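S.K.: Here you go, this is start.cif (mmCIF, C-alpha atoms and all ligand atoms).
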data_work
loop_
_atom_site.label_atom_id
_atom_site.label_comp_id
_atom_site.auth_asym_id
_atom_site.auth_seq_id
_atom_site.Cartn_x
_atom_site.Cartn_y
_atom_site.Cartn_z
CA MET J 1 25.41 37.16 -31.32
CA TYR J 2 27.83 35.18 -29.12
CA ASP J 3 30.83 36.72 -27.41
CA VAL J 4 32.80 33.54 -27.99
CA VAL J 5 32.25 30.44 -30.10
CA ILE J 6 34.57 27.57 -29.24
CA ILE J 7 35.11 25.16 -32.14
CA GLY J 8 35.95 21.66 -30.85
CA SER J 9 35.33 19.97 -27.52
CA GLY J 10 38.66 18.26 -27.00
CA PRO J 11 40.73 19.21 -23.93
CA ALA J 12 41.48 22.69 -25.34
CA GLY J 13 37.86 23.48 -26.15
CA LEU J 14 36.52 22.08 -22.88
CA SER J 15 39.04 24.03 -20.83
CA ALA J 16 38.08 27.18 -22.76
CA ALA J 17 34.42 26.40 -22.03
CA VAL J 18 35.07 26.29 -18.27
CA TYR J 19 37.03 29.55 -18.28
CA ALA J 20 34.53 31.32 -20.57
CA LYS J 21 31.62 30.37 -18.34
CA ARG J 22 33.41 31.54 -15.22
CA ALA J 23 34.26 34.81 -17.01
CA ASP J 24 30.50 35.20 -17.62
CA LEU J 25 30.93 35.38 -21.39
CA ASN J 26 28.08 34.47 -23.70
CA ALA J 27 29.79 31.39 -25.14
CA VAL J 28 28.97 28.08 -26.82
CA VAL J 29 31.01 25.01 -27.70
CA LEU J 30 30.42 23.56 -31.17
CA GLU J 31 31.50 19.93 -31.66
CA LYS J 32 30.90 17.76 -34.68
CA GLU J 33 31.04 14.41 -32.88
CA TYR J 34 28.19 13.33 -30.60
CA LEU J 35 29.37 14.18 -27.04
CA GLY J 36 32.93 14.24 -28.44
CA THR J 37 35.92 14.79 -26.19
CA GLY J 38 38.62 14.83 -28.88
CA GLN J 39 41.54 12.55 -29.59
CA ILE J 40 42.32 11.67 -26.01
CA ALA J 41 39.33 9.29 -26.02
CA GLU J 42 41.53 7.01 -28.17
CA SER J 43 44.20 6.59 -25.52
CA SER J 44 44.10 3.48 -23.35
CA ARG J 45 45.93 5.06 -20.44
CA VAL J 46 47.18 8.55 -19.62
CA ASP J 47 50.03 8.73 -17.13
CA ASN J 48 51.17 12.31 -17.61
CA TYR J 49 48.18 14.51 -16.83
CA LEU J 50 48.71 16.01 -13.42
CA GLY J 51 46.48 14.69 -10.64
CA LEU J 52 44.73 12.01 -12.70
CA TYR J 53 47.43 9.34 -12.99
CA GLY J 54 46.53 6.19 -14.89
CA GLU J 55 43.10 7.26 -16.17
CA SER J 56 41.95 5.83 -19.49
CA GLY J 57 41.85 8.60 -22.11
CA TYR J 58 38.15 7.98 -22.54
CA ASP J 59 37.44 8.52 -18.83
CA LEU J 60 39.68 11.60 -18.73
CA GLY J 61 37.75 13.15 -21.62
CA GLU J 62 34.43 12.32 -19.94
CA LYS J 63 35.62 14.02 -16.73
CA PHE J 64 36.62 17.13 -18.68
CA ARG J 65 33.24 17.27 -20.39
CA ARG J 66 31.29 16.70 -17.16
CA HIS J 67 33.34 19.48 -15.53
CA ALA J 68 32.38 21.92 -18.30
CA GLU J 69 28.74 20.82 -18.03
CA ALA J 70 28.84 21.23 -14.23
CA VAL J 71 29.81 24.90 -14.50
CA GLY J 72 26.99 25.41 -17.00
CA ALA J 73 28.85 25.61 -20.32
CA ALA J 74 26.59 25.53 -23.39
CA PHE J 75 27.12 22.91 -26.12
CA ARG J 76 25.78 22.40 -29.63
CA GLU J 77 26.48 19.41 -31.85
CA ALA J 78 27.50 21.05 -35.12
CA GLU J 79 30.23 20.77 -37.72
CA ILE J 80 31.55 24.12 -38.87
CA VAL J 81 32.18 24.06 -42.60
CA LYS J 82 32.96 27.72 -43.28
CA ILE J 83 34.10 30.80 -41.39
CA ILE J 84 33.24 34.14 -43.00
CA PRO J 85 34.93 37.26 -41.59
CA ARG J 86 32.57 40.22 -41.16
CA LYS J 87 33.13 43.66 -39.73
CA GLU J 88 34.10 42.98 -36.08
CA SER J 89 32.40 39.54 -36.11
CA TYR J 90 32.53 36.12 -37.75
CA LEU J 91 29.71 34.23 -39.45
CA LEU J 92 30.04 30.46 -39.00
CA LYS J 93 28.25 28.08 -41.35
CA THR J 94 27.35 24.61 -40.09
CA ALA J 95 27.11 21.41 -42.13
CA ASP J 96 23.33 21.31 -41.52
CA GLY J 97 22.81 24.81 -42.91
CA GLN J 98 22.72 26.95 -39.78
CA ASP J 99 24.37 30.37 -39.42
CA ILE J 100 26.04 31.33 -36.14
CA LEU J 101 27.30 34.85 -35.49
CA THR J 102 30.05 35.57 -32.97
CA ARG J 103 32.39 38.36 -31.95
CA THR J 104 35.31 35.99 -31.33
CA VAL J 105 36.28 32.40 -32.15
CA ILE J 106 38.40 30.08 -30.05
CA TYR J 107 39.60 27.62 -32.66
CA ALA J 108 40.34 24.27 -30.99
CA ALA J 109 39.71 21.84 -33.85
CA GLY J 110 42.77 19.67 -33.10
CA THR J 111 44.39 17.30 -35.55
CA LYS J 112 43.55 14.18 -37.51
CA ARG J 113 45.68 11.13 -38.23
CA ARG J 114 48.09 11.21 -41.15
CA GLN J 115 47.75 8.55 -43.88
CA LEU J 116 50.54 6.90 -45.86
CA GLY J 117 48.98 7.45 -49.29
CA ILE J 118 50.03 4.00 -50.57
CA LYS J 119 48.30 1.30 -52.62
CA GLY J 120 45.38 -0.39 -50.89
CA GLU J 121 45.16 2.15 -48.03
CA SER J 122 41.79 3.72 -48.86
CA GLU J 123 40.43 0.35 -50.04
CA PHE J 124 41.07 -1.33 -46.68
CA LEU J 125 40.28 1.56 -44.31
CA SER J 126 37.90 0.05 -41.73
CA LYS J 127 38.38 -3.33 -43.45
CA GLY J 128 41.55 -4.17 -41.57
CA ILE J 129 43.20 -0.74 -41.42
CA SER J 130 42.48 1.37 -38.34
CA PHE J 131 43.75 4.56 -36.68
CA CYS J 132 42.59 3.64 -33.20
CA ALA J 133 43.96 0.68 -31.25
CA VAL J 134 41.71 1.35 -28.26
CA CYS J 135 38.58 1.52 -30.42
CA ASP J 136 39.28 -1.45 -32.74
CA GLY J 137 41.89 -3.58 -30.95
CA ALA J 138 39.29 -6.00 -29.55
CA PHE J 139 38.53 -7.23 -33.11
CA TYR J 140 42.00 -8.78 -33.25
CA ALA J 141 41.95 -11.04 -30.18
CA GLY J 142 44.38 -13.92 -30.83
CA LYS J 143 45.27 -12.57 -34.30
CA LYS J 144 48.33 -11.01 -35.97
CA VAL J 145 48.51 -7.24 -36.38
CA ALA J 146 51.03 -4.61 -37.44
CA VAL J 147 51.44 -1.12 -36.05
CA ILE J 148 53.11 1.40 -38.36
CA GLY J 149 55.03 4.27 -36.79
CA GLY J 150 57.81 5.02 -34.34
CA GLY J 151 56.53 7.72 -31.99
CA ASP J 152 54.71 7.63 -28.64
CA THR J 153 51.36 6.76 -30.20
CA ALA J 154 52.76 3.84 -32.23
CA LEU J 155 54.54 2.28 -29.26
CA SER J 156 51.54 2.83 -26.94
CA ASP J 157 49.31 1.19 -29.54
CA ALA J 158 51.70 -1.77 -29.90
CA LEU J 159 51.76 -2.28 -26.11
CA TYR J 160 48.00 -2.06 -25.87
CA LEU J 161 47.54 -4.53 -28.74
CA SER J 162 50.12 -6.95 -27.29
CA GLY J 163 47.57 -7.71 -24.56
CA ILE J 164 44.93 -8.67 -27.13
CA ALA J 165 46.60 -9.95 -30.31
CA LYS J 166 48.77 -13.06 -30.58
CA LYS J 167 51.54 -11.16 -32.39
CA VAL J 168 52.25 -7.50 -32.99
CA TYR J 169 54.73 -6.30 -35.62
CA LEU J 170 55.96 -2.77 -35.08
CA LEU J 171 57.10 -1.37 -38.44
CA HIS J 172 59.19 1.77 -38.42
CA ARG J 173 60.85 3.43 -41.40
CA ARG J 174 63.92 4.51 -39.44
CA GLU J 175 66.64 2.69 -37.50
CA GLN J 176 65.36 3.79 -34.09
CA PHE J 177 62.15 4.94 -32.49
CA ARG J 178 61.27 8.56 -31.63
CA ALA J 179 59.08 7.49 -28.72
CA ASN J 180 60.02 8.26 -25.12
CA ALA J 181 62.46 5.99 -23.29
CA ALA J 182 59.82 4.52 -20.94
CA LEU J 183 57.78 3.27 -23.89
CA GLN J 184 60.87 1.92 -25.69
CA ASN J 185 61.86 -0.05 -22.58
CA ALA J 186 58.34 -1.43 -22.21
CA ILE J 187 58.40 -2.58 -25.86
CA LYS J 188 61.72 -4.40 -25.27
CA ARG J 189 60.15 -6.28 -22.35
CA THR J 190 57.10 -7.39 -24.35
CA ALA J 191 57.66 -10.81 -25.89
CA ASN J 192 54.96 -10.79 -28.57
CA VAL J 193 55.99 -7.43 -30.08
CA GLU J 194 58.51 -7.76 -32.92
CA CYS J 195 60.19 -4.56 -34.08
CA VAL J 196 60.92 -4.25 -37.81
CA PHE J 197 63.20 -1.26 -38.44
CA ASN J 198 64.03 0.40 -41.79
CA ALA J 199 60.69 -0.83 -43.12
CA VAL J 200 58.92 1.50 -45.55
CA PRO J 201 55.36 0.25 -46.28
CA ASN J 202 54.41 0.42 -49.96
CA ALA J 203 51.16 -1.58 -50.30
CA PHE J 204 48.29 -3.16 -48.42
CA LEU J 205 46.95 -6.37 -49.89
CA GLY J 206 43.83 -8.49 -49.47
CA ALA J 207 40.57 -9.59 -51.06
CA GLU J 208 37.45 -8.51 -49.10
CA LYS J 209 39.59 -7.60 -46.09
CA LEU J 210 43.22 -6.77 -45.51
CA SER J 211 45.52 -9.79 -45.33
CA ALA J 212 49.07 -8.45 -45.74
CA VAL J 213 51.29 -5.42 -45.67
CA ASN J 214 54.20 -5.08 -48.09
CA PHE J 215 57.23 -2.97 -47.31
CA LEU J 216 60.68 -2.15 -48.64
CA ARG J 217 63.68 -2.93 -46.48
CA ASN J 218 67.22 -2.34 -47.70
CA GLY J 219 66.00 -2.13 -51.28
CA ALA J 220 64.08 -5.43 -51.24
CA GLU J 221 60.32 -5.91 -50.99
CA GLU J 222 59.06 -8.00 -48.06
CA SER J 223 55.58 -8.95 -46.93
CA LEU J 224 53.92 -9.73 -43.60
CA THR J 225 50.68 -11.65 -43.31
CA VAL J 226 48.47 -9.77 -40.85
CA ASP J 227 44.79 -9.52 -39.96
CA GLY J 228 44.95 -5.84 -39.10
CA VAL J 229 47.12 -2.76 -39.41
CA PHE J 230 47.11 0.25 -37.10
CA LEU J 231 48.46 3.49 -38.56
CA ALA J 232 50.25 5.76 -36.09
CA ILE J 233 52.40 7.98 -38.29
CA GLY J 234 51.54 11.38 -36.91
CA SER J 235 48.86 13.95 -37.39
CA VAL J 236 47.81 16.84 -39.60
CA PRO J 237 46.05 19.93 -38.23
CA ASN J 238 42.34 20.52 -38.86
CA SER J 239 43.06 24.08 -39.92
CA GLY J 240 41.56 24.23 -43.43
CA LEU J 241 38.70 26.45 -42.22
CA LEU J 242 41.22 29.20 -41.47
CA ALA J 243 42.87 29.14 -44.91
CA GLY J 244 43.02 32.72 -46.15
CA ILE J 245 41.84 34.04 -42.75
CA ALA J 246 44.69 33.33 -40.31
CA ASP J 247 48.34 32.58 -41.05
CA ARG J 248 49.47 28.93 -40.89
CA ASP J 249 52.95 27.41 -41.01
CA GLU J 250 54.20 25.13 -43.81
CA ASP J 251 52.62 22.09 -42.10
CA GLY J 252 49.27 23.81 -41.73
CA TYR J 253 49.45 24.60 -37.99
CA VAL J 254 47.82 27.92 -37.07
CA ILE J 255 50.53 30.37 -36.10
CA ALA J 256 49.83 31.49 -32.53
CA ASP J 257 51.71 31.92 -29.28
CA GLU J 258 50.64 30.64 -25.86
CA ASN J 259 48.03 33.40 -25.65
CA GLY J 260 46.44 31.99 -28.78
CA ILE J 261 46.65 35.26 -30.67
CA THR J 262 46.56 34.65 -34.42
CA SER J 263 46.99 36.99 -37.38
CA ALA J 264 43.17 37.32 -37.57
CA ALA J 265 41.67 39.80 -35.09
CA GLY J 266 39.21 38.01 -32.81
CA ILE J 267 40.33 34.46 -33.71
CA PHE J 268 42.33 32.62 -31.05
CA ALA J 269 43.91 29.19 -31.60
CA ALA J 270 44.13 26.63 -28.79
CA GLY J 271 45.53 23.12 -28.47
CA ASP J 272 47.10 20.77 -30.99
CA VAL J 273 46.01 22.88 -33.98
CA ARG J 274 48.42 25.71 -33.17
CA THR J 275 52.18 26.00 -33.57
CA LYS J 276 53.90 24.60 -30.45
CA ARG J 277 56.50 22.09 -29.38
CA LEU J 278 54.46 19.79 -27.13
CA ARG J 279 51.03 18.58 -28.25
CA GLN J 280 49.51 17.03 -25.15
CA VAL J 281 46.43 17.29 -22.96
CA ILE J 282 48.12 19.52 -20.42
CA THR J 283 49.24 22.08 -23.00
CA ALA J 284 45.86 21.94 -24.79
CA ALA J 285 44.03 22.63 -21.51
CA ALA J 286 46.39 25.53 -20.74
CA ASP J 287 45.80 26.99 -24.20
CA GLY J 288 42.03 26.90 -23.75
CA ALA J 289 42.31 28.91 -20.54
CA ASN J 290 44.76 31.42 -22.06
CA CYS J 291 42.58 31.95 -25.14
CA VAL J 292 39.66 32.99 -22.96
CA GLY J 293 41.92 35.59 -21.33
CA SER J 294 42.89 36.85 -24.80
CA ALA J 295 39.27 36.88 -26.01
CA ARG J 296 38.19 38.84 -22.92
CA ALA J 297 40.93 41.43 -23.46
CA TYR J 298 39.95 41.73 -27.14
CA LEU J 299 36.25 42.14 -26.33
CA SER J 300 36.78 44.74 -23.63
CA GLN J 301 39.09 46.73 -25.92
CA LYS J 302 36.36 46.72 -28.60
CA ARG J 303 33.72 47.82 -26.09
CA SER J 304 35.76 50.67 -24.62
C1 LIG J 401 46.19 7.51 -29.26
C2 LIG J 401 46.55 8.81 -28.56
C3 LIG J 401 47.12 8.78 -27.32
C4 LIG J 401 47.45 9.97 -26.66
N1 LIG J 401 47.99 9.90 -25.40
C5 LIG J 401 48.24 11.04 -24.71
C6 LIG J 401 48.74 10.99 -23.38
O1 LIG J 401 48.98 9.91 -22.81
N2 LIG J 401 48.93 12.17 -22.72
C7 LIG J 401 48.66 13.37 -23.30
O2 LIG J 401 48.82 14.39 -22.64
N3 LIG J 401 48.22 13.44 -24.59
C8 LIG J 401 48.00 12.32 -25.30
N4 LIG J 401 47.54 12.40 -26.59
C9 LIG J 401 47.44 13.73 -27.24
C10 LIG J 401 46.14 14.44 -26.83
O3 LIG J 401 45.04 13.61 -27.11
C11 LIG J 401 46.04 15.75 -27.58
O4 LIG J 401 47.16 16.55 -27.31
C12 LIG J 401 44.78 16.52 -27.18
O5 LIG J 401 43.62 15.75 -27.35
C13 LIG J 401 44.64 17.82 -27.99
O6 LIG J 401 43.46 18.43 -27.61
P1 LIG J 401 42.75 19.50 -28.57
O7 LIG J 401 41.53 19.94 -27.80
O8 LIG J 401 43.71 20.50 -29.03
O9 LIG J 401 42.31 18.71 -29.89
P2 LIG J 401 41.48 17.36 -30.12
O10 LIG J 401 41.56 16.45 -28.96
O11 LIG J 401 41.93 16.87 -31.46
O12 LIG J 401 39.96 17.87 -30.25
C14 LIG J 401 39.52 18.61 -31.35
C15 LIG J 401 38.00 18.50 -31.45
O13 LIG J 401 37.53 19.38 -32.46
C16 LIG J 401 36.48 18.76 -33.17
N5 LIG J 401 36.38 19.38 -34.47
C17 LIG J 401 37.33 19.37 -35.47
N6 LIG J 401 36.89 20.07 -36.53
C18 LIG J 401 35.66 20.53 -36.22
C19 LIG J 401 34.69 21.31 -36.94
N7 LIG J 401 34.92 21.74 -38.19
N8 LIG J 401 33.50 21.60 -36.34
C20 LIG J 401 33.26 21.15 -35.07
N9 LIG J 401 34.13 20.38 -34.36
C21 LIG J 401 35.32 20.08 -34.92
C22 LIG J 401 36.92 17.30 -33.22
O14 LIG J 401 35.81 16.43 -33.47
C23 LIG J 401 37.53 17.11 -31.83
O15 LIG J 401 36.56 16.65 -30.89
C24 LIG J 401 47.20 11.23 -27.28
C25 LIG J 401 46.63 11.25 -28.56
C26 LIG J 401 46.30 10.06 -29.20
C27 LIG J 401 45.67 10.10 -30.58
#
Let me see the file written as structure tokens.
M.R.:
Amino acid sequence: MYDVVIIGSGPAGLSAAVYAKRADLNAVVLEKEYLGTGQIAESSRVDNYLGLYGESGYDLGEKFRRHAEAVGAAFREAEIVKIIPRKESYLLKTADGQDILTRTVIYAAGTKRRQLGIKGESEFLSKGISFCAVCDGAFYAGKKVAVIGGGDTALSDALYLSGIAKKVYLLHRREQFRANAALQNAIKRTANVECVFNAVPNAFLGAEKLSAVNFLRNGAEESLTVDGVFLAIGSVPNSGLLAGIADRDEDGYVIADENGITSAAGIFAAGDVRTKRLRQVITAAADGANCVGSARAYLSQKRS
């Protein structure tokens, strides 16, 4: 039986892995993606993580993982599909049929990208519709693309794609962006990015592959011919495994404070999956460390 099982090897999980190893806990990190480092791998450049200015998100994630490996953290590639509460322990079921028993869980499963739920979206996913500019942008060299969204991710994606594509449309349903001022200023300075405000997408069109996005603007339907669309309209938490076990808010985020303490004894939530104001690498890493402190306190209370 493990002392701690960490679900997810994004920044929160990897930070927890470092702290758990140094606390000499019998811990393992379970990650469903091969050598995964979480969402940050999708970022072209990270300028706000202290001490590592200007790293690509991919390199930052690799550094985090190598750090955890260097201190001797244990990893297993496994997707958890069910968590079963037992008396003073949890039984975790993996997608390939294994059972893993643990006294505590640090739940760091992060978030996944939100979809629009409009006509043509599922049909053209991976056939012109992508969630990751850094992963798929190179396919659109010299072509026309649209980015949908108005937050930091959408504007970062548009800037990244402006260096590859001939033209980038940035479609946002509101009159102004939510993204930070630095990104908004950079967008204004970029000649091949055209901002389309008050645009509410309602269909993706094409034959074999995507060829256009339709949207409503001021009550009228308009269409843009594009080779690719990048969706950047926010995220939803990967918290379904905790349904009926730990309390979640109306958006599905696991209710926990900065110590990661949830309504379920022995389950601690770290990173983007928990309720918080700022979902970033620095707060995810802090959560991972704090959760180990909480797990240690819980374990020693049980042993005394
Ligand atoms: C395009 C983009 C750009 C960004 N840019 C920045 C930036 O510049 N600066 C910044 O600070 N932040 C940035 N962020 C946000 C940052 O990536 C997140 O805040 C951070 O990755 C959250 O870390 P996390 O460990 O909580 O979750 P995640 O990174 O989401 O990691 C969760 C991990 O859990 C795994 N997992 C999920 N479910 C299971 C399961 N059932 N079993 C096993 N494994 C599972 C996933 O595969 C994943 O590896 C960006 C995000 C994106 C998408």
S.K.: Provide the CA of His172 (chain J) to CA of Val200 (chain J) distance in Å, to one decimal place.
M.R.: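 Computing it gives 7.1 Å between the two atoms.
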S.K.: Let me see if you get this right: every residue at most 6 Å from ligand LIG 401 (chain J), counting all atoms listed in the file, written as a short mmCIF file (atom, residue, chain, number, x, y, z; two decimals) with C-alpha atoms, in the coordinates of the input.
M.R.:
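out-v8.cif, written as the output of this step:
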data_model
loop_
_atom_site.label_atom_id
_atom_site.label_comp_id
_atom_site.auth_asym_id
_atom_site.auth_seq_id
_atom_site.Cartn_x
_atom_site.Cartn_y
_atom_site.Cartn_z
CA ILE J 7 35.11 25.16 -32.14
CA GLY J 8 35.95 21.66 -30.85
CA SER J 9 35.33 19.97 -27.52
CA GLY J 10 38.66 18.26 -27.00
CA PRO J 11 40.73 19.21 -23.93
CA ALA J 12 41.48 22.69 -25.34
CA GLY J 13 37.86 23.48 -26.15
CA LEU J 30 30.42 23.56 -31.17
CA GLU J 31 31.50 19.93 -31.66
CA LYS J 32 30.90 17.76 -34.68
CA GLU J 33 31.04 14.41 -32.88
CA GLY J 36 32.93 14.24 -28.44
CA THR J 37 35.92 14.79 -26.19
CA GLY J 38 38.62 14.83 -28.88
CA GLN J 39 41.54 12.55 -29.59
CA ILE J 40 42.32 11.67 -26.01
CA GLU J 42 41.53 7.01 -28.17
CA SER J 43 44.20 6.59 -25.52
CA VAL J 46 47.18 8.55 -19.62
CA ASP J 47 50.03 8.73 -17.13
CA ASN J 48 51.17 12.31 -17.61
CA TYR J 49 48.18 14.51 -16.83
CA ALA J 78 27.50 21.05 -35.12
CA GLU J 79 30.23 20.77 -37.72
CA ILE J 80 31.55 24.12 -38.87
CA VAL J 81 32.18 24.06 -42.60
CA ALA J 108 40.34 24.27 -30.99
CA ALA J 109 39.71 21.84 -33.85
CA GLY J 110 42.77 19.67 -33.10
CA THR J 111 44.39 17.30 -35.55
CA THR J 153 51.36 6.76 -30.20
CA ASN J 238 42.34 20.52 -38.86
CA GLY J 271 45.53 23.12 -28.47
CA ASP J 272 47.10 20.77 -30.99
CA VAL J 273 46.01 22.88 -33.98
CA ARG J 279 51.03 18.58 -28.25
CA GLN J 280 49.51 17.03 -25.15
CA VAL J 281 46.43 17.29 -22.96
CA ILE J 282 48.12 19.52 -20.42
CA ALA J 284 45.86 21.94 -24.79
#
S.K.: From the options J:Gln176, J:Ser235, J:Ser89, J:Asn26, which residue's atoms come nearest to Ala265 (chain J), counting only C-alpha atoms?
M.R.: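 Answer, going by the shortest atom-to-atom distance: J:Ser89.
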S.K.: Which polymer residues have any atom within 7 Å of an atom of region 251-262 of chain J, counting all atoms listed in the file, with same-chain residues fewer than 5 positions away left out, as a list in words?
M.R.: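 Counting all atoms listed in the file, the residues come to Pro237, Ser239, Ala246, Ile267, Phe268, Ala269, Ala270, Val273, Arg274, Thr275, Asp287, Asn290, Cys291 and Ser294 of chain J.
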S.K.: Using only C-alpha atoms, which residues sit within 12 Å of Ala207 (chain J) once same-chain residues fewer than 2 positions away are excluded, as a CSV table (one decimal) with C-alpha atoms, keeping the file's coordinate frame?
M.R.:
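Produced file around.csv, reproduced below:
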chain,number,residue,atom,x,y,z
J,120,GLY,CA,45.4,-0.4,-50.9
J,123,GLU,CA,40.4,0.4,-50.0
J,124,PHE,CA,41.1,-1.3,-46.7
J,127,LYS,CA,38.4,-3.3,-43.4
J,128,GLY,CA,41.6,-4.2,-41.6
J,204,PHE,CA,48.3,-3.2,-48.4
J,205,LEU,CA,47.0,-6.4,-49.9
J,209,LYS,CA,39.6,-7.6,-46.1
J,210,LEU,CA,43.2,-6.8,-45.5
J,211,SER,CA,45.5,-9.8,-45.3
J,212,ALA,CA,49.1,-8.4,-45.7
J,227,ASP,CA,44.8,-9.5,-40.0
S.K.: In terms of the shortest atom-to-atom distance over all atoms listed in the file, which of J:Gln98, J:Ser44, J:Ser223, J:Thr104 is closest to Ala158 (chain J)?
M.R.: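 Counting all atoms listed in the file, the residue closest to Ala158 (chain J) is J:Ser44.
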S.K.: J:Ile164, J:Leu242, J:Leu101, J:Ala286: which is nearest Ala16 (chain J), counting only C-alpha atoms?
M.R.: J:Ala286
S.K.: Counting all atoms listed in the file, which residue out of J:Gly240, J:Gly117, J:Gly61, J:Gly51 sits closest to Ser15 (chain J)?
M.R.: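 Answer, going by the shortest atom-to-atom distance: J:Gly61.
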S.K.: What's the 9 Å shell around Phe177 (chain J), counting all atoms listed in the file, without same-chain residues fewer than 2 positions away, as a list in words?
M.R.: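 Result of the neighbour search: Gly149, Gly150, Gly151, Asp152, Leu155, His172, Arg174, Glu175, Ala179, Asn180, Gln184 and Phe197 of chain J.
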S.K.: Build an axis-aligned box that encloses every atom of region 52-70 of chain J listed in the file, pad it by 6 Å on each side, and report its centre and edge lengths in Å to one decimal, as AutoDock Vina command-line options.
M.R.:
--center_x 38.1 --center_y 13.9 --center_z -17.6 --size_x 30.7 --size_y 28.1 --size_z 21.8
S.K.: Find the residues around Ala68 (chain J) up to 9 Å (only C-alpha atoms counted), leave out those fewer than 5 positions away in its own chain, and share them as a PyMOL selection string.
M.R.: chain J and resi 14-19+21+63+73-74
S.K.: Select, counting all atoms listed in the file, all protein, DNA and RNA residues no farther than 12 Å from (25.8, 32.6, -23.4) in file coordinates, and express the selection as a list in words.
M.R.: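 The requested residues, written out, are Met1, Tyr2, Asp3, Val4, Val5, Ile6, Ala17, Ala20, Lys21, Arg22, Ala23, Asp24, Leu25, Asn26, Ala27, Val28, Val29, Gly72, Ala73, Ala74, Phe75, Arg76 and Thr102 of chain J.
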S.K.: Take CA of Gly228 (chain J) and CA of Ala191 (chain J) and report the distance between them in Å, one decimal.
M.R.: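 A separation of 19.0 Å between them.
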S.K.: From the options J:Leu125, J:Ala297, J:Ala154, J:Lys82, which residue's atoms come nearest to Gly97 (chain J), counting all atoms listed in the file?
M.R.: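 Closest to Gly97 (chain J) of all the choices is J:Lys82.
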S.K.: Name the closest residue to Gln301 (chain J) among the candidates J:Glu194, J:Glu88, J:Asp99, J:Glu208; distances are taken between atoms, counting all atoms listed in the file.
M.R.: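 Smallest distance to Gln301 (chain J) is found for J:Glu88.
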S.K.: What does the distance between CA of Arg45 (chain J) and CA of Ala70 (chain J) come to in Å, to one decimal place?
M.R.: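 So the answer is 24.3 Å.
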